[in-house]
Amino acid sequence: VNKAFFLGDNNFLKAGTGQNSLCKTVTRTPEDSASSLLASLLLLERSMFSPSSPPAGLLEKAFQYIDLHQNEFVETLKEWVAVESDSVQPLPRLRQELLRMMALAAAELRRLGASVDSVDLGDQQLPNGQTLPIPPIILAELGNDPKKPTVCFYGHLDVQPARKEDGWLTDPYTLTEVDGKLYGRGATDNKGPVLAWINAVSTFRSLEEDLPVNIKFVIEGMEEAGSVGLEELVRKEKDQFFSSVDYIVISDNLWLSQRKPALTYGTRGNSYFRVEVKCRDQDFHSGTFGGVLNEPMADLVALLGSLVDSSGHILIPGIYDQVAPLTEEERKMYKAIHLDLEEYRRSSRVKRFLFDTKEEILMHLWRYPSLSIHGIEGAFDEPGAKTVIPGQVTGKFSIRLVPHMDTSVVEKQVKQHLENIFSKRNSSNQMAVSMTLGLQPWIANIKDNQYLAAKRAIRTVFGTEPDMIRDGSTIPIARIFQDTVQKSVMMLPLGAVDDGEHAQNEKINRWNYIEGSKLFAAFFLELAKLH
């Protein structure tokens, strides 16, 4: 893999060459069309898999069109990345950028012939009294043939904050290509995948071919800030917009590898807890009161230390009782996943993991619960030596949940355990436990038609079977869609594991973006065959 180092003035130094190579921002000129075929051949040469047998008929035409128009697709991504659609920082200027981003997307969908409804969500009242507009959620649809399956695509167009001075090698809002990598905030999370879906639809339109499926879009602008208003809208539209939906596709996560595509069929849930121990509102001087008090910090450390052991095993009684048993079929799926353990350890920059095999590590990331301690409020954490006894402290921890764990059951188990531990300390302090967040895990049926169609499409485009993976984090929208709409939900990622979503120098490979557009086109055709 080529590496590049920033030299300034839009130049990069290729590692090991000592020579400058131009790092240009993505532009499109009349000469681009003459080089499109060459670019396509170069991409094919660089692809990481042996090519599969060429697709026939309509799909072949679609693939050729996408190759020949890839520079146009990249140019559109450049235009979208240039919009600073940061939803995390509650600033009026950024909210206007979000509104502009949603308007751009709505216009693009209307250009394709879709009917578009930009649902007004009103204003957001912030704790400081400030009021900001909530960007609308786009509900769009293209086609209503009752003989065709209807696929609903979910995506978001808001991004995490990004500043060049935070360590970006390029301007985060100027899409910049270096060695086939398209750097820019939102390139992989999630503007690139949203546009890849649109690229697939526009390809059929440009070829004047009938879309093999009916398409619906749900596109929001507040995902990075908690998807304000989305769940309420989904429930409201259950019997209207979603009534004809057969399948829901989300493309908002990454592959497990740099090279091999993946299908995601599950995510963990999350129960977040606060445990407060209080003696009084005011802190104490340790020279005056040390030795004659039940100190809140000592109580809290004992409580937190009772939650998990050094091997990662959760010590709360009954916590594993609801965990789904491991099947032989599932065990085989983990064995088939490609993961270089040594490379994973090095890239993670840790000395060692708690487990030694690929299967054990993946299972403990995805299909077993984990407990993490996040921090303590009220403790002295500044430089220096302050001899204070905190009068009250609050510990924060969370449990990642897996099927078939339930948040209400976990909440009861946690409270009972901590109350039992605290009572044994005979402390005169007060303890209070609260669950501040409770999100259920999500798991899909991988034998659904859309998973079979996606596997076939991946074989056609990439020439390999996908890794069947879960995600150890929590993506609430998948469970919301599944529970509310009660239709098959699938995560079909496009980005590579090293894309750096939320990080400095976020990118999507040109290869992933263009081949991902082909993947969605192939998926439409395969799903139409199976439905």
# chains A, B, ... in the order shown; residues from 1 in each chain; ligands from 1
>>> residues_around(residues="His364 in chain A", least_positions_apart="5", cutoff="9 Å", atoms="only C-alpha atoms", output="list in words")
Phe355, Glu359, Pro369, Ser370 and Gly472 of chain A
>>> residues_around(residues="Thr267 in chain A", least_positions_apart="4", cutoff="6 Å", atoms="only C-alpha atoms", output="ChimeraX atom specification")
/A:441-442,470-472,474
>>> select_by_dssp(residues="range 157-257 of chain A", states="alpha helix (DSSP H)", output="list in words")
Lys191, Gly192, Pro193, Val194, Leu195, Ala196, Trp197, Ile198, Asn199, Ala200, Val201, Ser202, Thr203, Phe204, Arg205, Ser206, Leu230, Glu231, Glu232, Leu233, Val234, Arg235 and Lys236 of chain A
>>> closest_residue(among="A:Gly305, A:Pro390, A:Phe273, A:Val74", to="His285 in chain A", atoms="only C-alpha atoms")
A:Pro390
>>> residues_around(residues="range 481-492 of chain A", least_positions_apart="3", cutoff="7 Å", atoms="only C-alpha atoms", output="list of chain:residue names")
A:Arg235, A:Lys238, A:Phe242, A:Asp246, A:Tyr247, A:Ile248, A:Val249, A:Ile250, A:Ser251, A:Leu263, A:Thr264, A:Tyr265, A:Ala444, A:Ile477, A:Ala478
>>> write_last_selection(atoms="all heavy atoms", output="compact mmCIF listing (two decimals), in the first residue's frame")
# COMPACT_ATOMS: atom_id res chain seq x y z
N ARG A 235 -42.34 5.89 13.29
CA ARG A 235 -43.58 5.35 13.87
C ARG A 235 -44.81 6.02 13.24
O ARG A 235 -45.81 5.35 12.97
CB ARG A 235 -43.58 5.56 15.39
CG ARG A 235 -42.45 4.82 16.09
CD ARG A 235 -42.60 4.83 17.60
NE ARG A 235 -41.40 4.36 18.27
CZ ARG A 235 -41.01 3.08 18.32
NH1 ARG A 235 -41.75 2.15 17.74
NH2 ARG A 235 -39.89 2.74 18.96
N LYS A 238 -45.44 4.60 9.69
CA LYS A 238 -45.47 3.14 9.57
C LYS A 238 -46.53 2.66 8.59
O LYS A 238 -46.27 1.79 7.75
CB LYS A 238 -45.73 2.52 10.95
CG LYS A 238 -45.93 1.02 10.92
CD LYS A 238 -46.31 0.47 12.29
CE LYS A 238 -46.62 -1.02 12.22
NZ LYS A 238 -47.05 -1.56 13.53
N PHE A 242 -44.07 3.75 4.86
CA PHE A 242 -43.41 2.45 4.98
C PHE A 242 -44.35 1.27 4.69
O PHE A 242 -43.90 0.12 4.73
CB PHE A 242 -42.82 2.28 6.38
CG PHE A 242 -41.67 3.21 6.67
CD1 PHE A 242 -41.84 4.33 7.47
CD2 PHE A 242 -40.42 2.97 6.13
CE1 PHE A 242 -40.79 5.19 7.74
CE2 PHE A 242 -39.35 3.82 6.38
CZ PHE A 242 -39.54 4.94 7.19
N ASP A 246 -40.69 -3.53 1.44
CA ASP A 246 -40.39 -4.96 1.66
C ASP A 246 -39.05 -5.16 2.35
O ASP A 246 -38.88 -6.10 3.13
CB ASP A 246 -40.39 -5.71 0.32
CG ASP A 246 -41.71 -5.65 -0.40
OD1 ASP A 246 -42.71 -6.11 0.19
OD2 ASP A 246 -41.77 -5.14 -1.54
N TYR A 247 -38.08 -4.31 2.03
CA TYR A 247 -36.72 -4.48 2.54
C TYR A 247 -36.14 -3.11 2.89
O TYR A 247 -36.45 -2.11 2.24
CB TYR A 247 -35.82 -5.15 1.50
CG TYR A 247 -36.37 -6.43 0.93
CD1 TYR A 247 -37.00 -6.43 -0.32
CD2 TYR A 247 -36.27 -7.62 1.63
CE1 TYR A 247 -37.52 -7.61 -0.86
CE2 TYR A 247 -36.79 -8.80 1.09
CZ TYR A 247 -37.42 -8.79 -0.14
OH TYR A 247 -37.92 -9.95 -0.67
N ILE A 248 -35.28 -3.09 3.91
CA ILE A 248 -34.61 -1.86 4.31
C ILE A 248 -33.10 -2.10 4.30
O ILE A 248 -32.63 -3.09 4.87
CB ILE A 248 -35.06 -1.40 5.71
CG1 ILE A 248 -36.56 -1.08 5.69
CG2 ILE A 248 -34.27 -0.17 6.17
CD1 ILE A 248 -37.17 -0.84 7.05
N VAL A 249 -32.37 -1.21 3.65
CA VAL A 249 -30.92 -1.33 3.54
C VAL A 249 -30.27 -0.12 4.20
O VAL A 249 -30.65 1.03 3.95
CB VAL A 249 -30.47 -1.42 2.07
CG1 VAL A 249 -28.94 -1.42 1.98
CG2 VAL A 249 -31.03 -2.67 1.41
N ILE A 250 -29.28 -0.38 5.05
CA ILE A 250 -28.48 0.66 5.69
C ILE A 250 -27.04 0.45 5.26
O ILE A 250 -26.52 -0.67 5.28
CB ILE A 250 -28.58 0.56 7.23
CG1 ILE A 250 -30.03 0.72 7.68
CG2 ILE A 250 -27.68 1.59 7.90
CD1 ILE A 250 -30.26 0.39 9.15
N SER A 251 -26.38 1.53 4.83
CA SER A 251 -24.97 1.43 4.46
C SER A 251 -24.20 2.48 5.25
O SER A 251 -23.77 3.50 4.71
CB SER A 251 -24.79 1.63 2.96
OG SER A 251 -23.45 1.40 2.57
N LEU A 263 -21.07 -8.28 4.82
CA LEU A 263 -22.47 -8.03 5.09
C LEU A 263 -22.64 -8.05 6.61
O LEU A 263 -22.14 -8.95 7.28
CB LEU A 263 -23.35 -9.13 4.47
CG LEU A 263 -23.78 -8.95 3.02
CD1 LEU A 263 -24.50 -10.21 2.55
CD2 LEU A 263 -24.68 -7.75 2.88
N THR A 264 -23.35 -7.06 7.14
CA THR A 264 -23.52 -6.95 8.59
C THR A 264 -24.94 -7.35 8.96
O THR A 264 -25.90 -6.82 8.39
CB THR A 264 -23.24 -5.52 9.06
OG1 THR A 264 -21.93 -5.14 8.60
CG2 THR A 264 -23.31 -5.42 10.57
N TYR A 265 -25.07 -8.27 9.93
CA TYR A 265 -26.40 -8.79 10.26
C TYR A 265 -26.75 -8.62 11.74
O TYR A 265 -27.77 -9.12 12.21
CB TYR A 265 -26.50 -10.27 9.88
CG TYR A 265 -25.58 -11.20 10.64
CD1 TYR A 265 -26.02 -11.87 11.77
CD2 TYR A 265 -24.26 -11.39 10.22
CE1 TYR A 265 -25.18 -12.72 12.47
CE2 TYR A 265 -23.42 -12.24 10.91
CZ TYR A 265 -23.88 -12.89 12.04
OH TYR A 265 -23.03 -13.73 12.73
N ALA A 444 -30.44 -9.86 12.49
CA ALA A 444 -31.27 -10.09 11.31
C ALA A 444 -31.26 -11.56 10.92
O ALA A 444 -30.39 -12.34 11.35
CB ALA A 444 -30.76 -9.24 10.14
N ILE A 477 -30.97 2.78 14.74
CA ILE A 477 -31.96 2.85 13.67
C ILE A 477 -32.31 1.47 13.12
O ILE A 477 -33.44 1.23 12.69
CB ILE A 477 -31.47 3.80 12.53
CG1 ILE A 477 -32.57 4.02 11.49
CG2 ILE A 477 -30.20 3.27 11.90
CD1 ILE A 477 -33.84 4.61 12.03
N ALA A 478 -31.35 0.53 13.14
CA ALA A 478 -31.63 -0.81 12.62
C ALA A 478 -32.73 -1.48 13.43
O ALA A 478 -33.68 -2.06 12.88
CB ALA A 478 -30.36 -1.67 12.65
>>> select_by_dssp(residues="range 47-171 of chain A", states="strand (DSSP E)", output="ChimeraX atom specification")
/A:115-119,123-125,131-133,137-142,150-156
>>> write_last_selection(atoms="N, CA and C atoms", output="short mmCIF file (atom, residue, chain, number, x, y, z; two decimals), in the first residue's frame")
data_model
loop_
_atom_site.label_atom_id
_atom_site.label_comp_id
_atom_site.auth_asym_id
_atom_site.auth_seq_id
_atom_site.Cartn_x
_atom_site.Cartn_y
_atom_site.Cartn_z
N SER A 115 -40.37 11.43 -6.27
CA SER A 115 -41.22 12.35 -5.50
C SER A 115 -40.56 12.51 -4.13
N VAL A 116 -40.41 13.76 -3.71
CA VAL A 116 -39.61 14.04 -2.52
C VAL A 116 -40.44 14.86 -1.53
N ASP A 117 -40.45 14.41 -0.29
CA ASP A 117 -41.09 15.13 0.79
C ASP A 117 -40.03 15.45 1.84
N SER A 118 -39.73 16.73 2.01
CA SER A 118 -38.78 17.15 3.04
C SER A 118 -39.59 17.47 4.30
N VAL A 119 -39.58 16.54 5.23
CA VAL A 119 -40.44 16.64 6.41
C VAL A 119 -39.85 17.62 7.42
N ASP A 123 -38.04 23.13 15.45
CA ASP A 123 -36.82 23.66 16.05
C ASP A 123 -36.36 22.80 17.23
N GLN A 124 -35.09 22.95 17.54
CA GLN A 124 -34.48 22.25 18.66
C GLN A 124 -34.16 23.25 19.77
N GLN A 125 -34.66 22.99 20.96
CA GLN A 125 -34.40 23.86 22.11
C GLN A 125 -33.19 23.33 22.85
N THR A 131 -32.35 28.39 20.31
CA THR A 131 -33.22 27.61 19.43
C THR A 131 -32.59 27.52 18.05
N LEU A 132 -32.50 26.30 17.53
CA LEU A 132 -31.92 26.07 16.21
C LEU A 132 -32.87 25.22 15.38
N PRO A 133 -32.91 25.44 14.06
CA PRO A 133 -33.77 24.61 13.22
C PRO A 133 -33.23 23.18 13.11
N ILE A 137 -36.10 15.71 7.41
CA ILE A 137 -35.82 14.34 6.99
C ILE A 137 -36.45 14.14 5.62
N ILE A 138 -35.66 13.63 4.69
CA ILE A 138 -36.14 13.41 3.33
C ILE A 138 -36.80 12.04 3.23
N LEU A 139 -38.04 12.04 2.79
CA LEU A 139 -38.74 10.81 2.41
C LEU A 139 -38.98 10.89 0.90
N ALA A 140 -38.37 10.01 0.15
CA ALA A 140 -38.48 10.06 -1.31
C ALA A 140 -38.83 8.69 -1.84
N GLU A 141 -39.51 8.66 -2.97
CA GLU A 141 -39.85 7.37 -3.59
C GLU A 141 -39.81 7.47 -5.10
N LEU A 142 -39.42 6.35 -5.70
CA LEU A 142 -39.25 6.26 -7.14
C LEU A 142 -39.82 4.92 -7.60
N THR A 150 -40.10 -3.47 -3.12
CA THR A 150 -39.79 -2.09 -2.75
C THR A 150 -38.68 -2.09 -1.70
N VAL A 151 -37.58 -1.43 -2.05
CA VAL A 151 -36.41 -1.36 -1.18
C VAL A 151 -36.27 0.06 -0.65
N CYS A 152 -36.14 0.19 0.66
CA CYS A 152 -35.96 1.50 1.29
C CYS A 152 -34.51 1.63 1.76
N PHE A 153 -33.87 2.70 1.32
CA PHE A 153 -32.47 2.95 1.70
C PHE A 153 -32.41 4.04 2.76
N TYR A 154 -31.72 3.78 3.85
CA TYR A 154 -31.50 4.78 4.90
C TYR A 154 -30.06 5.28 4.84
N GLY A 155 -29.90 6.60 4.95
CA GLY A 155 -28.57 7.19 5.06
C GLY A 155 -28.65 8.52 5.76
N HIS A 156 -27.49 9.08 6.09
CA HIS A 156 -27.46 10.42 6.72
C HIS A 156 -26.39 11.27 6.05
#
>>> decode(residues="range 66-80 of chain A", atoms="all heavy atoms", output="PDB file, in the first residue's frame")
ATOM      1  N   ILE A  66     -21.051   3.065 -15.322  1.00  0.00           N
ATOM      2  CA  ILE A  66     -20.475   3.545 -14.065  1.00  0.00           C
ATOM      3  C   ILE A  66     -18.982   3.795 -14.213  1.00  0.00           C
ATOM      4  O   ILE A  66     -18.449   4.812 -13.736  1.00  0.00           O
ATOM      5  CB  ILE A  66     -20.776   2.551 -12.926  1.00  0.00           C
ATOM      6  CG1 ILE A  66     -22.278   2.572 -12.604  1.00  0.00           C
ATOM      7  CG2 ILE A  66     -19.959   2.880 -11.678  1.00  0.00           C
ATOM      8  CD1 ILE A  66     -22.743   1.463 -11.681  1.00  0.00           C
ATOM      9  N   ASP A  67     -18.275   2.888 -14.903  1.00  0.00           N
ATOM     10  CA  ASP A  67     -16.844   3.095 -15.134  1.00  0.00           C
ATOM     11  C   ASP A  67     -16.585   4.367 -15.926  1.00  0.00           C
ATOM     12  O   ASP A  67     -15.711   5.170 -15.595  1.00  0.00           O
ATOM     13  CB  ASP A  67     -16.248   1.892 -15.874  1.00  0.00           C
ATOM     14  CG  ASP A  67     -15.906   0.735 -14.953  1.00  0.00           C
ATOM     15  OD1 ASP A  67     -15.639   0.991 -13.767  1.00  0.00           O
ATOM     16  OD2 ASP A  67     -15.921  -0.417 -15.407  1.00  0.00           O
ATOM     17  N   LEU A  68     -17.351   4.569 -16.982  1.00  0.00           N
ATOM     18  CA  LEU A  68     -17.116   5.709 -17.867  1.00  0.00           C
ATOM     19  C   LEU A  68     -17.503   7.039 -17.222  1.00  0.00           C
ATOM     20  O   LEU A  68     -16.999   8.093 -17.618  1.00  0.00           O
ATOM     21  CB  LEU A  68     -17.887   5.523 -19.178  1.00  0.00           C
ATOM     22  CG  LEU A  68     -17.350   4.421 -20.092  1.00  0.00           C
ATOM     23  CD1 LEU A  68     -18.303   4.171 -21.254  1.00  0.00           C
ATOM     24  CD2 LEU A  68     -15.964   4.789 -20.622  1.00  0.00           C
ATOM     25  N   HIS A  69     -18.383   7.004 -16.237  1.00  0.00           N
ATOM     26  CA  HIS A  69     -18.849   8.235 -15.604  1.00  0.00           C
ATOM     27  C   HIS A  69     -18.348   8.379 -14.169  1.00  0.00           C
ATOM     28  O   HIS A  69     -18.861   9.187 -13.405  1.00  0.00           O
ATOM     29  CB  HIS A  69     -20.381   8.297 -15.639  1.00  0.00           C
ATOM     30  CG  HIS A  69     -20.929   8.466 -17.025  1.00  0.00           C
ATOM     31  ND1 HIS A  69     -21.075   7.410 -17.894  1.00  0.00           N
ATOM     32  CD2 HIS A  69     -21.342   9.576 -17.689  1.00  0.00           C
ATOM     33  CE1 HIS A  69     -21.581   7.849 -19.043  1.00  0.00           C
ATOM     34  NE2 HIS A  69     -21.741   9.160 -18.946  1.00  0.00           N
ATOM     35  N   GLN A  70     -17.317   7.631 -13.823  1.00  0.00           N
ATOM     36  CA  GLN A  70     -16.863   7.652 -12.435  1.00  0.00           C
ATOM     37  C   GLN A  70     -16.352   9.018 -12.012  1.00  0.00           C
ATOM     38  O   GLN A  70     -16.529   9.435 -10.855  1.00  0.00           O
ATOM     39  CB  GLN A  70     -15.819   6.580 -12.186  1.00  0.00           C
ATOM     40  CG  GLN A  70     -14.535   6.739 -12.980  1.00  0.00           C
ATOM     41  CD  GLN A  70     -13.542   5.651 -12.614  1.00  0.00           C
ATOM     42  OE1 GLN A  70     -12.850   5.750 -11.610  1.00  0.00           O
ATOM     43  NE2 GLN A  70     -13.492   4.601 -13.413  1.00  0.00           N
ATOM     44  N   ASN A  71     -15.728   9.768 -12.926  1.00  0.00           N
ATOM     45  CA  ASN A  71     -15.237  11.092 -12.556  1.00  0.00           C
ATOM     46  C   ASN A  71     -16.388  12.041 -12.224  1.00  0.00           C
ATOM     47  O   ASN A  71     -16.258  12.896 -11.348  1.00  0.00           O
ATOM     48  CB  ASN A  71     -14.377  11.668 -13.669  1.00  0.00           C
ATOM     49  CG  ASN A  71     -13.018  10.984 -13.753  1.00  0.00           C
ATOM     50  OD1 ASN A  71     -12.562  10.396 -12.777  1.00  0.00           O
ATOM     51  ND2 ASN A  71     -12.388  11.045 -14.912  1.00  0.00           N
ATOM     52  N   GLU A  72     -17.509  11.876 -12.920  1.00  0.00           N
ATOM     53  CA  GLU A  72     -18.684  12.684 -12.597  1.00  0.00           C
ATOM     54  C   GLU A  72     -19.204  12.326 -11.201  1.00  0.00           C
ATOM     55  O   GLU A  72     -19.607  13.209 -10.434  1.00  0.00           O
ATOM     56  CB  GLU A  72     -19.787  12.462 -13.640  1.00  0.00           C
ATOM     57  CG  GLU A  72     -19.420  12.911 -15.041  1.00  0.00           C
ATOM     58  CD  GLU A  72     -20.456  12.490 -16.060  1.00  0.00           C
ATOM     59  OE1 GLU A  72     -21.637  12.326 -15.670  1.00  0.00           O
ATOM     60  OE2 GLU A  72     -20.092  12.310 -17.228  1.00  0.00           O
ATOM     61  N   PHE A  73     -19.204  11.035 -10.897  1.00  0.00           N
ATOM     62  CA  PHE A  73     -19.670  10.601  -9.570  1.00  0.00           C
ATOM     63  C   PHE A  73     -18.759  11.144  -8.471  1.00  0.00           C
ATOM     64  O   PHE A  73     -19.224  11.549  -7.399  1.00  0.00           O
ATOM     65  CB  PHE A  73     -19.737   9.080  -9.499  1.00  0.00           C
ATOM     66  CG  PHE A  73     -20.750   8.463 -10.435  1.00  0.00           C
ATOM     67  CD1 PHE A  73     -20.546   7.209 -10.990  1.00  0.00           C
ATOM     68  CD2 PHE A  73     -21.912   9.135 -10.768  1.00  0.00           C
ATOM     69  CE1 PHE A  73     -21.477   6.631 -11.841  1.00  0.00           C
ATOM     70  CE2 PHE A  73     -22.851   8.573 -11.626  1.00  0.00           C
ATOM     71  CZ  PHE A  73     -22.633   7.319 -12.162  1.00  0.00           C
ATOM     72  N   VAL A  74     -17.454  11.156  -8.738  1.00  0.00           N
ATOM     73  CA  VAL A  74     -16.509  11.689  -7.759  1.00  0.00           C
ATOM     74  C   VAL A  74     -16.694  13.200  -7.614  1.00  0.00           C
ATOM     75  O   VAL A  74     -16.603  13.747  -6.508  1.00  0.00           O
ATOM     76  CB  VAL A  74     -15.062  11.343  -8.152  1.00  0.00           C
ATOM     77  CG1 VAL A  74     -14.056  12.069  -7.265  1.00  0.00           C
ATOM     78  CG2 VAL A  74     -14.830   9.834  -8.051  1.00  0.00           C
ATOM     79  N   GLU A  75     -16.967  13.876  -8.727  1.00  0.00           N
ATOM     80  CA  GLU A  75     -17.200  15.323  -8.670  1.00  0.00           C
ATOM     81  C   GLU A  75     -18.420  15.656  -7.810  1.00  0.00           C
ATOM     82  O   GLU A  75     -18.399  16.625  -7.033  1.00  0.00           O
ATOM     83  CB  GLU A  75     -17.387  15.868 -10.087  1.00  0.00           C
ATOM     84  CG  GLU A  75     -17.733  17.342 -10.158  1.00  0.00           C
ATOM     85  CD  GLU A  75     -16.609  18.265  -9.716  1.00  0.00           C
ATOM     86  OE1 GLU A  75     -15.454  17.799  -9.609  1.00  0.00           O
ATOM     87  OE2 GLU A  75     -16.888  19.449  -9.461  1.00  0.00           O
ATOM     88  N   THR A  76     -19.478  14.866  -7.929  1.00  0.00           N
ATOM     89  CA  THR A  76     -20.656  15.098  -7.091  1.00  0.00           C
ATOM     90  C   THR A  76     -20.326  14.885  -5.618  1.00  0.00           C
ATOM     91  O   THR A  76     -20.769  15.647  -4.746  1.00  0.00           O
ATOM     92  CB  THR A  76     -21.809  14.173  -7.502  1.00  0.00           C
ATOM     93  OG1 THR A  76     -22.088  14.360  -8.892  1.00  0.00           O
ATOM     94  CG2 THR A  76     -23.064  14.475  -6.711  1.00  0.00           C
ATOM     95  N   LEU A  77     -19.535  13.859  -5.327  1.00  0.00           N
ATOM     96  CA  LEU A  77     -19.100  13.638  -3.944  1.00  0.00           C
ATOM     97  C   LEU A  77     -18.295  14.834  -3.451  1.00  0.00           C
ATOM     98  O   LEU A  77     -18.437  15.255  -2.292  1.00  0.00           O
ATOM     99  CB  LEU A  77     -18.284  12.350  -3.839  1.00  0.00           C
ATOM    100  CG  LEU A  77     -17.757  11.992  -2.447  1.00  0.00           C
ATOM    101  CD1 LEU A  77     -18.892  11.874  -1.431  1.00  0.00           C
ATOM    102  CD2 LEU A  77     -16.948  10.689  -2.491  1.00  0.00           C
ATOM    103  N   LYS A  78     -17.465  15.403  -4.319  1.00  0.00           N
ATOM    104  CA  LYS A  78     -16.697  16.592  -3.942  1.00  0.00           C
ATOM    105  C   LYS A  78     -17.635  17.733  -3.550  1.00  0.00           C
ATOM    106  O   LYS A  78     -17.419  18.431  -2.547  1.00  0.00           O
ATOM    107  CB  LYS A  78     -15.808  17.022  -5.093  1.00  0.00           C
ATOM    108  CG  LYS A  78     -15.004  18.285  -4.790  1.00  0.00           C
ATOM    109  CD  LYS A  78     -14.392  18.863  -6.043  1.00  0.00           C
ATOM    110  CE  LYS A  78     -13.710  20.194  -5.714  1.00  0.00           C
ATOM    111  NZ  LYS A  78     -13.247  20.900  -6.922  1.00  0.00           N
ATOM    112  N   GLU A  79     -18.694  17.929  -4.343  1.00  0.00           N
ATOM    113  CA  GLU A  79     -19.642  19.006  -4.061  1.00  0.00           C
ATOM    114  C   GLU A  79     -20.344  18.784  -2.718  1.00  0.00           C
ATOM    115  O   GLU A  79     -20.581  19.739  -1.964  1.00  0.00           O
ATOM    116  CB  GLU A  79     -20.673  19.087  -5.190  1.00  0.00           C
ATOM    117  CG  GLU A  79     -20.071  19.529  -6.530  1.00  0.00           C
ATOM    118  CD  GLU A  79     -21.033  19.332  -7.686  1.00  0.00           C
ATOM    119  OE1 GLU A  79     -22.186  18.868  -7.440  1.00  0.00           O
ATOM    120  OE2 GLU A  79     -20.647  19.612  -8.835  1.00  0.00           O
ATOM    121  N   TRP A  80     -20.665  17.533  -2.412  1.00  0.00           N
ATOM    122  CA  TRP A  80     -21.348  17.237  -1.150  1.00  0.00           C
ATOM    123  C   TRP A  80     -20.403  17.362   0.047  1.00  0.00           C
ATOM    124  O   TRP A  80     -20.796  17.870   1.093  1.00  0.00           O
ATOM    125  CB  TRP A  80     -21.981  15.845  -1.214  1.00  0.00           C
ATOM    126  CG  TRP A  80     -23.239  15.791  -2.032  1.00  0.00           C
ATOM    127  CD1 TRP A  80     -23.580  16.619  -3.066  1.00  0.00           C
ATOM    128  CD2 TRP A  80     -24.325  14.891  -1.874  1.00  0.00           C
ATOM    129  NE1 TRP A  80     -24.811  16.265  -3.569  1.00  0.00           N
ATOM    130  CE2 TRP A  80     -25.294  15.204  -2.852  1.00  0.00           C
ATOM    131  CE3 TRP A  80     -24.579  13.823  -1.021  1.00  0.00           C
ATOM    132  CZ2 TRP A  80     -26.490  14.512  -2.992  1.00  0.00           C
ATOM    133  CZ3 TRP A  80     -25.763  13.111  -1.150  1.00  0.00           C
ATOM    134  CH2 TRP A  80     -26.715  13.452  -2.120  1.00  0.00           C
TER     135      TRP A  80
END
